[in-house]
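K.L.:
So here's start-v1.txt, just compact mmCIF, C-alpha atoms:
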```txt
# COMPACT_ATOMS: atom_id res chain seq x y z
CA MET K 1 0.00 0.00 0.00
CA LYS K 2 1.31 3.42 -0.87
CA CYS K 3 0.94 5.78 2.03
CA LYS K 4 2.69 8.91 3.18
CA GLN K 5 1.77 8.69 6.87
CA LYS K 6 4.39 7.94 9.48
CA ILE K 7 4.00 7.83 13.23
CA PRO K 8 7.38 8.41 14.87
CA ALA K 9 7.88 7.10 18.37
CA PHE K 10 4.23 5.97 18.47
CA ALA K 11 5.00 2.88 20.54
CA LEU K 12 6.74 5.11 23.09
CA LEU K 13 3.55 7.14 23.52
CA PHE K 14 1.63 4.02 24.38
CA ALA K 15 4.37 2.75 26.66
CA LEU K 16 4.18 6.04 28.54
CA LEU K 17 0.41 5.90 28.67
CA LEU K 18 0.35 2.34 29.93
CA ALA K 19 2.95 3.15 32.57
CA MET K 20 0.69 5.92 33.89
CA CYS K 21 -2.33 3.62 34.14
CA VAL K 22 -3.35 1.21 36.87
CA ALA K 23 -5.88 -1.60 36.90
CA VAL K 24 -9.36 -0.81 38.19
CA PRO K 25 -10.81 -3.21 40.79
CA TYR K 26 -13.96 -4.94 39.60
CA GLY K 27 -16.02 -4.29 42.71
CA ALA K 28 -18.97 -6.54 43.50
CA LEU K 29 -18.72 -10.30 42.92
CA ALA K 30 -21.73 -10.27 40.59
CA SER K 31 -20.07 -7.66 38.41
CA THR K 32 -16.86 -9.68 38.36
CA LEU K 33 -18.67 -12.78 37.19
CA ALA K 34 -20.47 -10.83 34.45
CA ILE K 35 -17.20 -9.41 33.20
CA ASN K 36 -15.42 -12.75 33.27
CA GLU K 37 -18.17 -14.30 31.14
CA ARG K 38 -17.31 -11.93 28.30
CA GLN K 39 -14.36 -12.21 25.99
CA ARG K 40 -11.53 -9.84 26.84
CA ILE K 41 -10.20 -9.23 23.33
CA SER K 42 -7.35 -6.94 22.38
CA LEU K 43 -7.48 -4.38 19.58
CA ILE K 44 -5.08 -1.78 18.24
CA PRO K 45 -6.13 1.82 19.05
CA SER K 46 -5.61 3.97 15.98
CA GLY K 47 -6.48 7.68 15.96
CA ILE K 48 -5.44 8.17 12.33
CA PRO K 49 -7.61 10.32 10.05
CA PHE K 50 -9.14 8.70 6.98
CA GLY K 51 -11.11 9.90 3.99
CA ILE K 52 -14.39 8.29 2.99
CA LYS K 53 -16.10 8.32 -0.39
CA PHE K 54 -19.47 6.76 0.40
CA TYR K 55 -21.77 5.50 -2.37
CA THR K 56 -25.36 4.81 -1.36
CA LYS K 57 -27.46 1.82 -2.30
CA GLY K 58 -30.13 3.81 -4.07
CA VAL K 59 -30.33 7.52 -4.90
CA ILE K 60 -30.94 10.06 -2.15
CA VAL K 61 -33.52 12.78 -2.71
CA VAL K 62 -32.08 16.04 -1.38
CA GLY K 63 -34.97 18.17 -2.65
CA VAL K 64 -37.95 18.45 -4.97
CA THR K 65 -38.42 21.38 -7.31
CA ASP K 66 -40.59 22.80 -10.07
CA ILE K 67 -39.60 22.42 -13.70
CA GLU K 68 -40.73 24.64 -16.54
CA THR K 69 -42.83 22.51 -18.88
CA PHE K 70 -44.78 23.37 -22.01
CA GLU K 71 -47.92 23.46 -19.82
CA GLY K 72 -46.35 25.63 -17.12
CA LEU K 73 -44.51 24.92 -13.86
CA ALA K 74 -44.84 21.36 -12.54
CA SER K 75 -43.21 19.03 -10.01
CA PRO K 76 -44.09 15.42 -10.82
CA ALA K 77 -42.09 14.09 -7.85
CA ARG K 78 -43.81 16.43 -5.37
CA ASP K 79 -47.23 15.64 -6.84
CA ALA K 80 -46.51 11.92 -6.37
CA GLY K 81 -45.61 12.40 -2.70
CA ILE K 82 -41.83 12.04 -2.87
CA ARG K 83 -39.93 14.24 -0.44
CA ALA K 84 -36.41 15.13 0.68
CA GLY K 85 -34.73 12.31 2.57
CA ASP K 86 -36.34 9.54 0.52
CA ILE K 87 -34.02 6.99 -1.06
CA ILE K 88 -35.10 5.83 -4.52
CA THR K 89 -34.06 2.22 -4.91
CA LYS K 90 -36.05 1.15 -8.01
CA VAL K 91 -37.85 2.64 -10.97
CA ASP K 92 -40.42 0.12 -12.14
CA SER K 93 -38.41 -3.12 -11.86
CA THR K 94 -34.98 -1.57 -12.45
CA GLU K 95 -32.62 -0.94 -9.54
CA VAL K 96 -31.00 2.50 -9.49
CA ASN K 97 -27.81 3.40 -7.65
CA THR K 98 -26.54 6.47 -9.51
CA THR K 99 -28.00 9.82 -10.49
CA GLU K 100 -27.11 9.08 -14.11
CA GLU K 101 -29.15 5.85 -14.10
CA LEU K 102 -32.16 7.64 -12.64
CA SER K 103 -31.97 10.57 -15.10
CA GLU K 104 -31.67 8.22 -18.08
CA LEU K 105 -34.70 6.16 -17.05
CA ILE K 106 -36.82 9.28 -16.52
CA ASP K 107 -35.80 10.81 -19.86
CA GLU K 108 -36.60 7.58 -21.69
CA SER K 109 -40.07 7.34 -20.12
CA GLY K 110 -41.77 9.56 -22.67
CA GLY K 111 -43.99 10.85 -19.89
CA ARG K 112 -45.61 7.52 -19.03
CA LYS K 113 -46.33 6.49 -15.47
CA MET K 114 -43.26 5.26 -13.60
CA VAL K 115 -43.40 3.44 -10.27
CA PHE K 116 -40.71 4.68 -7.90
CA THR K 117 -39.81 2.34 -5.03
CA VAL K 118 -38.65 4.46 -2.12
CA SER K 119 -37.04 3.69 1.24
CA ARG K 120 -38.43 6.00 3.92
CA SER K 121 -38.02 5.81 7.71
CA GLY K 122 -37.00 2.18 7.60
CA GLY K 123 -39.90 1.09 5.40
CA THR K 124 -40.59 0.80 1.67
CA GLN K 125 -43.24 2.70 -0.28
CA SER K 126 -44.22 3.03 -3.94
CA PHE K 127 -45.15 6.24 -5.77
CA ASP K 128 -46.58 6.83 -9.26
CA VAL K 129 -44.58 9.52 -11.04
CA TYR K 130 -45.52 11.09 -14.39
CA PRO K 131 -42.43 12.89 -15.80
CA LYS K 132 -42.90 16.13 -17.76
CA LYS K 133 -40.95 17.47 -20.72
CA SER K 134 -38.71 20.39 -19.78
CA VAL K 135 -38.68 23.54 -21.91
CA GLU K 136 -35.03 24.07 -21.02
CA ASP K 137 -33.57 21.05 -22.82
CA ASN K 138 -36.59 19.20 -24.22
CA SER K 139 -35.97 16.18 -21.96
CA TYR K 140 -38.29 14.50 -19.47
CA LYS K 141 -37.76 15.33 -15.82
CA ALA K 142 -39.39 14.58 -12.47
CA GLY K 143 -38.39 17.70 -10.55
CA LEU K 144 -35.82 16.02 -8.31
CA TRP K 145 -32.53 17.06 -6.75
CA VAL K 146 -30.65 13.84 -6.02
CA ARG K 147 -27.20 12.54 -5.08
CA ASP K 148 -25.65 9.10 -4.90
CA SER K 149 -22.52 9.70 -2.83
CA THR K 150 -21.01 11.73 -0.02
CA ALA K 151 -17.47 12.30 1.21
CA GLY K 152 -15.80 13.38 4.41
CA ILE K 153 -13.09 12.91 7.02
CA GLY K 154 -13.27 10.70 10.10
CA THR K 155 -10.96 8.92 12.51
CA VAL K 156 -10.14 5.22 12.73
CA THR K 157 -10.99 3.87 16.20
CA TYR K 158 -9.29 0.50 16.16
CA VAL K 159 -7.68 -2.10 13.94
CA ASP K 160 -8.12 -5.85 14.30
CA ALA K 161 -4.70 -6.99 13.10
CA ASP K 162 -5.69 -10.63 12.63
CA ALA K 163 -8.22 -9.74 9.92
CA ASN K 164 -6.79 -6.31 8.95
CA ARG K 165 -10.25 -4.88 9.62
CA PHE K 166 -10.97 -1.52 11.19
CA ALA K 167 -13.76 0.49 12.78
CA GLY K 168 -14.27 4.25 12.72
CA LEU K 169 -16.49 7.27 13.42
CA GLY K 170 -18.37 5.77 16.38
CA HIS K 171 -21.59 6.70 14.59
CA GLY K 172 -23.09 6.02 11.21
CA ILE K 173 -23.07 8.04 8.00
CA CYS K 174 -26.69 9.08 8.27
CA ASP K 175 -29.53 10.65 6.36
CA SER K 176 -29.83 14.28 7.42
CA GLU K 177 -33.63 14.12 7.52
CA THR K 178 -34.20 10.90 9.46
CA GLY K 179 -30.87 10.36 11.23
CA SER K 180 -30.87 6.74 10.04
CA PRO K 181 -27.69 5.17 8.57
CA LEU K 182 -27.60 5.42 4.79
CA PRO K 183 -27.63 2.09 2.90
CA LEU K 184 -24.11 1.31 1.73
CA LEU K 185 -23.42 0.27 -1.84
CA LYS K 186 -19.65 0.71 -1.57
CA GLY K 187 -17.21 2.86 0.34
CA ILE K 188 -13.69 3.85 -0.67
CA VAL K 189 -11.17 4.70 2.05
CA THR K 190 -8.12 6.91 1.49
CA GLY K 191 -5.41 8.36 3.68
CA VAL K 192 -5.76 11.97 4.85
CA THR K 193 -3.31 14.65 5.93
CA ILE K 194 -4.85 17.25 8.24
CA THR K 195 -3.91 20.71 6.95
CA ASP K 196 -6.07 23.08 8.98
CA VAL K 197 -8.52 23.28 11.89
CA ILE K 198 -11.59 25.46 12.14
CA LYS K 199 -11.77 26.03 15.89
CA GLY K 200 -15.08 25.23 17.57
CA ILE K 201 -16.95 27.89 19.49
CA GLU K 202 -20.34 28.00 21.20
CA ASN K 203 -23.14 27.13 18.73
CA ALA K 204 -20.63 26.76 15.88
CA PRO K 205 -18.89 23.34 15.78
CA GLY K 206 -15.37 23.33 14.40
CA GLU K 207 -13.96 21.10 11.71
CA LEU K 208 -10.79 19.35 10.60
CA LYS K 209 -9.66 20.19 7.08
CA GLY K 210 -7.44 17.83 5.15
CA GLU K 211 -6.02 16.61 1.87
CA PHE K 212 -7.12 13.22 0.60
CA SER K 213 -4.41 10.87 -0.60
CA ALA K 214 -4.57 9.88 -4.25
CA TYR K 215 -4.38 6.23 -3.24
CA LYS K 216 -7.13 3.95 -2.04
CA ILE K 217 -6.08 2.21 1.18
CA GLY K 218 -9.21 0.24 2.00
CA SER K 219 -12.94 -0.32 1.63
CA LEU K 220 -16.02 -0.07 3.82
CA TYR K 221 -18.28 -3.07 4.14
CA LYS K 222 -20.76 -1.87 6.76
CA ASN K 223 -22.42 1.37 7.88
CA THR K 224 -24.24 1.16 11.21
CA GLU K 225 -25.63 3.38 13.94
CA SER K 226 -22.52 2.58 16.00
CA GLY K 227 -19.86 3.23 13.37
CA VAL K 228 -18.47 2.31 9.99
CA PHE K 229 -16.45 -0.85 9.39
CA GLY K 230 -13.98 -1.76 6.70
CA VAL K 231 -10.87 -3.61 5.69
CA PHE K 232 -7.48 -2.24 4.70
CA ASP K 233 -6.08 -3.35 1.35
CA SER K 234 -2.78 -4.38 2.96
CA VAL K 235 -1.22 -4.45 6.39
CA THR K 236 -1.66 -0.97 7.80
CA PRO K 237 1.46 0.95 8.88
CA TYR K 238 -0.44 2.60 11.74
CA ILE K 239 -0.20 -0.40 14.03
CA SER K 240 0.94 0.14 17.62
CA GLN K 241 0.67 -2.43 20.38
CA PRO K 242 -2.70 -4.19 20.88
CA MET K 243 -4.65 -3.07 23.93
CA GLU K 244 -7.28 -4.93 25.94
CA ILE K 245 -10.80 -3.54 25.73
CA CYS K 246 -12.56 -1.97 28.70
CA PHE K 247 -16.02 -3.38 29.42
CA ARG K 248 -18.78 -0.82 29.87
CA ASP K 249 -19.23 -1.60 33.56
CA GLU K 250 -15.49 -1.01 34.16
CA LEU K 251 -15.58 2.53 32.78
CA LYS K 252 -15.29 5.18 35.50
CA THR K 253 -15.80 8.91 35.70
CA GLY K 254 -12.52 10.79 35.87
CA LYS K 255 -9.32 11.05 33.88
CA ALA K 256 -9.00 9.37 30.48
CA TYR K 257 -7.25 10.02 27.16
CA ILE K 258 -8.13 10.36 23.52
CA LEU K 259 -5.86 9.48 20.63
CA THR K 260 -6.51 11.82 17.73
CA THR K 261 -4.86 13.68 14.84
CA VAL K 262 -5.29 17.45 14.53
CA SER K 263 -2.23 18.14 12.37
CA GLY K 264 -0.53 16.12 9.66
CA SER K 265 -1.16 12.39 9.87
CA SER K 266 0.34 11.45 13.23
CA PRO K 267 -2.04 10.88 16.17
CA ARG K 268 -1.23 12.20 19.63
CA ILE K 269 -2.57 11.55 23.11
CA TYR K 270 -4.62 14.23 24.85
CA GLU K 271 -6.16 14.26 28.31
CA ILE K 272 -9.94 14.33 28.79
CA ASN K 273 -12.35 13.83 31.67
CA ILE K 274 -15.24 11.38 31.66
CA VAL K 275 -17.99 13.43 33.26
CA LYS K 276 -20.95 11.08 33.33
CA ILE K 277 -21.80 7.54 32.23
CA TYR K 278 -25.20 6.52 30.85
CA PRO K 279 -25.26 2.71 31.22
CA ASN K 280 -28.70 2.27 29.64
CA SER K 281 -28.30 4.78 26.82
CA GLY K 282 -28.47 2.38 23.89
CA LYS K 283 -26.05 2.15 20.98
CA VAL K 284 -24.51 5.66 20.95
CA LYS K 285 -23.91 8.63 23.28
CA ASN K 286 -23.07 6.29 26.16
CA PHE K 287 -21.02 8.72 28.22
CA LEU K 288 -20.22 12.42 28.46
CA ILE K 289 -16.64 13.61 28.02
CA GLU K 290 -14.89 16.94 28.48
CA VAL K 291 -11.60 17.98 26.87
CA THR K 292 -9.22 19.19 29.57
CA ASP K 293 -5.94 19.16 27.65
CA LYS K 294 -4.84 22.79 27.26
CA GLU K 295 -2.92 22.16 24.05
CA LEU K 296 -5.90 20.51 22.36
CA LEU K 297 -8.26 23.23 23.58
CA ASN K 298 -5.93 25.84 22.12
CA ILE K 299 -5.86 24.09 18.73
CA THR K 300 -9.47 22.95 18.31
CA GLY K 301 -11.52 24.52 21.09
CA GLY K 302 -12.51 20.98 22.11
CA ILE K 303 -14.20 18.42 19.89
CA VAL K 304 -14.56 19.19 16.19
CA GLN K 305 -15.99 17.42 13.16
CA GLY K 306 -13.51 14.87 11.85
CA MET K 307 -12.51 13.74 15.35
CA SER K 308 -15.41 11.30 15.45
CA GLY K 309 -14.00 7.83 16.04
CA SER K 310 -10.98 8.99 18.05
CA PRO K 311 -10.27 6.16 20.52
CA ILE K 312 -10.81 6.78 24.24
CA ILE K 313 -8.42 5.06 26.62
CA GLN K 314 -8.77 4.66 30.37
CA ASN K 315 -6.59 2.68 32.75
CA GLY K 316 -4.60 1.18 29.92
CA ARG K 317 -7.63 -0.20 28.10
CA LEU K 318 -9.55 0.79 24.99
CA ALA K 319 -12.86 2.08 26.37
CA GLY K 320 -14.67 3.64 23.43
CA ALA K 321 -14.62 6.43 20.86
CA VAL K 322 -15.60 10.07 20.47
CA THR K 323 -18.92 10.40 18.63
CA HIS K 324 -20.58 13.81 18.92
CA VAL K 325 -19.83 17.36 20.07
CA MET K 326 -22.25 19.39 22.18
CA ILE K 327 -23.30 22.33 20.00
CA ASN K 328 -23.52 24.80 22.90
CA ASP K 329 -20.21 23.71 24.45
CA PRO K 330 -17.51 22.37 22.10
CA THR K 331 -15.31 21.36 25.04
CA ARG K 332 -17.82 18.60 25.73
CA GLY K 333 -19.20 15.73 23.71
CA TYR K 334 -20.22 12.10 23.79
CA GLY K 335 -18.49 8.76 23.62
CA ILE K 336 -19.63 5.30 22.64
CA PHE K 337 -18.78 2.09 24.55
CA ILE K 338 -16.22 0.06 22.61
CA GLU K 339 -18.41 -3.02 23.17
CA ASN K 340 -21.17 -1.39 21.13
CA MET K 341 -18.81 -0.87 18.19
CA ILE K 342 -17.57 -4.45 18.40
CA ASP K 343 -21.15 -5.77 18.52
CA ALA K 344 -22.08 -3.69 15.46
CA SER K 345 -19.12 -5.01 13.49
CA ASP K 346 -20.36 -8.62 13.57
```
Please render this file's structure as structure tokens.
P.N.:
Amino acid sequence: MKCKQKIPAFALLFALLLAMCVAVPYGALASTLAINERQRISLIPSGIPFGIKFYTKGVIVVGVTDIETFEGLASPARDAGIRAGDIITKVDSTEVNTTEELSELIDESGGRKMVFTVSRSGGTQSFDVYPKKSVEDNSYKAGLWVRDSTAGIGTVTYVDADANRFAGLGHGICDSETGSPLPLLKGIVTGVTITDVIKGIENAPGELKGEFSAYKIGSLYKNTESGVFGVFDSVTPYISQPMEICFRDELKTGKAYILTTVSGSSPRIYEINIVKIYPNSGKVKNFLIEVTDKELLNITGGIVQGMSGSPIIQNGRLAGAVTHVMINDPTRGYGIFIENMIDASD
């Protein structure tokens, strides 16, 4: 694999971190038994940034609009009941996965009725659409704004060296209307070099800016509520020493660390505080964290977009990942239990 990233003295960082950490007593006997019944696996914390080019299974409707026809303004899609956030998966009996495929089918319709199969809020519905001829270019249109892909920057949470698989983001790539994970057709993963940071302030989340590598380094195979999962094309150079996972009932409030990259391509360790734990919170937003590291606060203002997936380490164990920033306080955000990410990867 061609890759420009290097992580000098990375093993020394982890040696230092592990030397600073002590084991946490299990507490009650019942809790000890519950923990011992689970598998204490080891994974490699990452913290490297990665670029994602995500192609959806189906075509996402980002808006409906009027078109100028020979009979006046019309919006066949709106009249049929299609709305922003819908995912068009079929036209009649033909599957569609690109905007070009959808446009071609509509233009070839000649204005006849077309049955659009749409995924909406986890269910499937059908709509009868009657395309209209556009005055602008004399082609048939449905009055749709659509897209079939999205791209962005995230952070790799962990690598499973045995299978060369990885997990990242700590949350899904989701539909902006429903918040549900978008159906994945394919996902291309590239290396990223962080070139700039837009610092987060109250009510204005910051963002990592970066340059995508020209080389593909892996692929996604799953997009879930608890993160994205993929496989590297070859043995990744970002490997440090494997670290045991921390079970959710071992996580404690207090000092912890995140491993993240806010400049270049080399992750660093920064101190955070785990403020509160929500043991029954479901698949995401399982605990509240606060950035306390002065250097990181000076650079980013706290948690910014692109840091999602940054591994969280406590007492020498991989405990979870950063997922969301609090809009009104960028120094705070949420983390996900590492167990939830592992469960979602199955």
K.L.:
Quote the spacing between CA of Val156 in chain K and CA of Glu211 in chain K in Å to one decimal place.
P.N.:
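Going from CA of Val156 in chain K over to CA of Glu211 in chain K covers 16.3 Å.
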K.L.:
Could you give me, as a tab-separated table, a per-residue list for range 113-232 of chain K showing, wherever an atom lies at most 6 Å from an atom of range 47-62 of chain K, the closest pair of atoms and their distance in Å to one decimal, using all atoms listed in the file and sorting by chain then residue number from low to high?
P.N.:
```
residue	atom	partner	partner_atom	distance
K:Trp145	CA	K:Val62	CA	5.5
K:Val146	CA	K:Val61	CA	4.5
K:Arg147	CA	K:Ile60	CA	5.4
K:Asp148	CA	K:Val59	CA	4.9
K:Ser149	CA	K:Tyr55	CA	4.3
K:Thr150	CA	K:Phe54	CA	5.2
K:Ala151	CA	K:Lys53	CA	4.5
K:Gly152	CA	K:Ile52	CA	5.5
K:Ile153	CA	K:Gly51	CA	4.7
K:Gly154	CA	K:Phe50	CA	5.5
K:Thr155	CA	K:Pro49	CA	4.4
K:Val156	CA	K:Gly47	CA	5.5
K:Thr157	CA	K:Gly47	CA	5.9
K:Pro183	CA	K:Lys57	CA	5.2
K:Leu184	CA	K:Thr56	CA	4.8
K:Leu185	CA	K:Lys57	CA	4.4
K:Lys186	CA	K:Tyr55	CA	5.3
K:Gly187	CA	K:Phe54	CA	4.5
K:Ile188	CA	K:Lys53	CA	5.1
K:Val189	CA	K:Ile52	CA	4.9
K:Thr190	CA	K:Gly51	CA	4.9
K:Gly191	CA	K:Phe50	CA	5.0
K:Val192	CA	K:Phe50	CA	5.2
```
K.L.:
With only C-alpha atoms as the basis for distance, which of K:Ile67, K:Ala77, K:Ile338, K:Gly301 is at the shortest distance from Ile201 in chain K?
P.N.:
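Comparing K:Ile67, K:Ala77, K:Ile338, K:Gly301 against Ile201 in chain K, the winner is K:Gly301.
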K.L.:
Kindly extract all protein, DNA and RNA residues lying within 12 Å of the coordinates (-35.7, 4.3, -10.0) given in the file, considering all atoms listed in the file, and supply them as number ranges by chain.
P.N.:
K: 57-61, 77, 86-107, 109, 114-119, 126-129, 142, 144, 146
K.L.:
Would you save the residues from that selection as a compact mmCIF listing (two decimals), in the coordinates of the input, using C-alpha atoms?
P.N.:
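What ended up in out.txt:
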```txt
# COMPACT_ATOMS: atom_id res chain seq x y z
CA LYS K 57 -27.46 1.82 -2.30
CA GLY K 58 -30.13 3.81 -4.07
CA VAL K 59 -30.33 7.52 -4.90
CA ILE K 60 -30.94 10.06 -2.15
CA VAL K 61 -33.52 12.78 -2.71
CA ALA K 77 -42.09 14.09 -7.85
CA ASP K 86 -36.34 9.54 0.52
CA ILE K 87 -34.02 6.99 -1.06
CA ILE K 88 -35.10 5.83 -4.52
CA THR K 89 -34.06 2.22 -4.91
CA LYS K 90 -36.05 1.15 -8.01
CA VAL K 91 -37.85 2.64 -10.97
CA ASP K 92 -40.42 0.12 -12.14
CA SER K 93 -38.41 -3.12 -11.86
CA THR K 94 -34.98 -1.57 -12.45
CA GLU K 95 -32.62 -0.94 -9.54
CA VAL K 96 -31.00 2.50 -9.49
CA ASN K 97 -27.81 3.40 -7.65
CA THR K 98 -26.54 6.47 -9.51
CA THR K 99 -28.00 9.82 -10.49
CA GLU K 100 -27.11 9.08 -14.11
CA GLU K 101 -29.15 5.85 -14.10
CA LEU K 102 -32.16 7.64 -12.64
CA SER K 103 -31.97 10.57 -15.10
CA GLU K 104 -31.67 8.22 -18.08
CA LEU K 105 -34.70 6.16 -17.05
CA ILE K 106 -36.82 9.28 -16.52
CA ASP K 107 -35.80 10.81 -19.86
CA SER K 109 -40.07 7.34 -20.12
CA MET K 114 -43.26 5.26 -13.60
CA VAL K 115 -43.40 3.44 -10.27
CA PHE K 116 -40.71 4.68 -7.90
CA THR K 117 -39.81 2.34 -5.03
CA VAL K 118 -38.65 4.46 -2.12
CA SER K 119 -37.04 3.69 1.24
CA SER K 126 -44.22 3.03 -3.94
CA PHE K 127 -45.15 6.24 -5.77
CA ASP K 128 -46.58 6.83 -9.26
CA VAL K 129 -44.58 9.52 -11.04
CA ALA K 142 -39.39 14.58 -12.47
CA LEU K 144 -35.82 16.02 -8.31
CA VAL K 146 -30.65 13.84 -6.02
```
K.L.:
Quick check, in Å to one decimal: how far apart do CA of Phe247 in chain K and CA of Pro45 in chain K lie?
P.N.:
15.2 Å
K.L.:
Which is closer to Ser226 in chain K than all the others in K:Ser240, K:Ser345, K:Thr69, K:Asn203, using all atoms listed in the file?
P.N.:
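Among K:Ser240, K:Ser345, K:Thr69, K:Asn203, it is K:Ser345 that comes nearest to Ser226 in chain K.
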K.L.:
Can you tell me how far CA of Pro330 in chain K sits from CA of Pro181 in chain K, in Å to one decimal?
P.N.:
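Computing it gives 24.1 Å between the two atoms.
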K.L.:
Which residue out of K:Gly143, K:Gly316, K:Gly111, K:Gly335 has the minimum interatomic distance to Val275 in chain K when only C-alpha atoms are used?
P.N.:
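Of K:Gly143, K:Gly316, K:Gly111, K:Gly335, the one nearest Val275 in chain K, counting only C-alpha atoms, is K:Gly335.
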K.L.:
Of the candidates K:Met341, K:Ala84, K:Gly200, K:Leu318, which one gets nearest to Leu297 in chain K if we count all atoms listed in the file?
P.N.:
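Ranked by minimum distance to Leu297 in chain K, first place goes to K:Gly200.
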K.L.:
Could you check the closest approach to Asn273 in chain K for each of K:Arg112, K:Lys222, K:Arg120, K:Lys252 and tell me which residue wins, using all atoms listed in the file?
P.N.:
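Of the candidates, the smallest distance to Asn273 in chain K is held by K:Lys252.
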K.L.:
Choose the residue, out of K:Thr292, K:Ser266, K:Asn315, K:Ser219, that has the smallest atom-to-atom separation from Ser234 in chain K; count all atoms listed in the file.
P.N.:
K:Ser219
K.L.:
Mind running range 314-343 of chain K against range 253-264 of chain K at 9 Å and telling me each contacting residue's nearest atom pair with the distance in Å (one decimal), counting only C-alpha atoms, chain and number ascending, as CSV?
P.N.:
```
residue,atom,partner,partner_atom,distance
K:Gln314,CA,K:Ala256,CA,4.7
K:Asn315,CA,K:Ala256,CA,7.5
K:Ala321,CA,K:Ile258,CA,8.0
K:Val322,CA,K:Ile258,CA,8.1
```
K.L.:
Find the spatial neighbours of Gly218 in chain K, counting all atoms listed in the file, within a cut-off of 6 Å - ignore same-chain residues fewer than 4 positions away - and output them as number ranges by chain.
P.N.:
K: 189, 231-233
K.L.:
Leaving out range 158-167 of chain K and any residue of its chain fewer than 6 positions from it, which residues lie within 7 Å of it when counting all atoms listed in the file, given as a PyMOL selection string?
P.N.:
chain K and resi 43-46+227-232+235
K.L.:
With C-alpha atoms retained, write the just-selected residues as a PDB file, in the frame of the given file.
P.N.:
```pdb
ATOM      1  CA  LEU K  43      -7.480  -4.380  19.580  1.00  0.00           C
ATOM      2  CA  ILE K  44      -5.080  -1.780  18.240  1.00  0.00           C
ATOM      3  CA  PRO K  45      -6.130   1.820  19.050  1.00  0.00           C
ATOM      4  CA  SER K  46      -5.610   3.970  15.980  1.00  0.00           C
ATOM      5  CA  GLY K 227     -19.860   3.230  13.370  1.00  0.00           C
ATOM      6  CA  VAL K 228     -18.470   2.310   9.990  1.00  0.00           C
ATOM      7  CA  PHE K 229     -16.450  -0.850   9.390  1.00  0.00           C
ATOM      8  CA  GLY K 230     -13.980  -1.760   6.700  1.00  0.00           C
ATOM      9  CA  VAL K 231     -10.870  -3.610   5.690  1.00  0.00           C
ATOM     10  CA  PHE K 232      -7.480  -2.240   4.700  1.00  0.00           C
ATOM     11  CA  VAL K 235      -1.220  -4.450   6.390  1.00  0.00           C
TER      12      VAL K 235
END
```
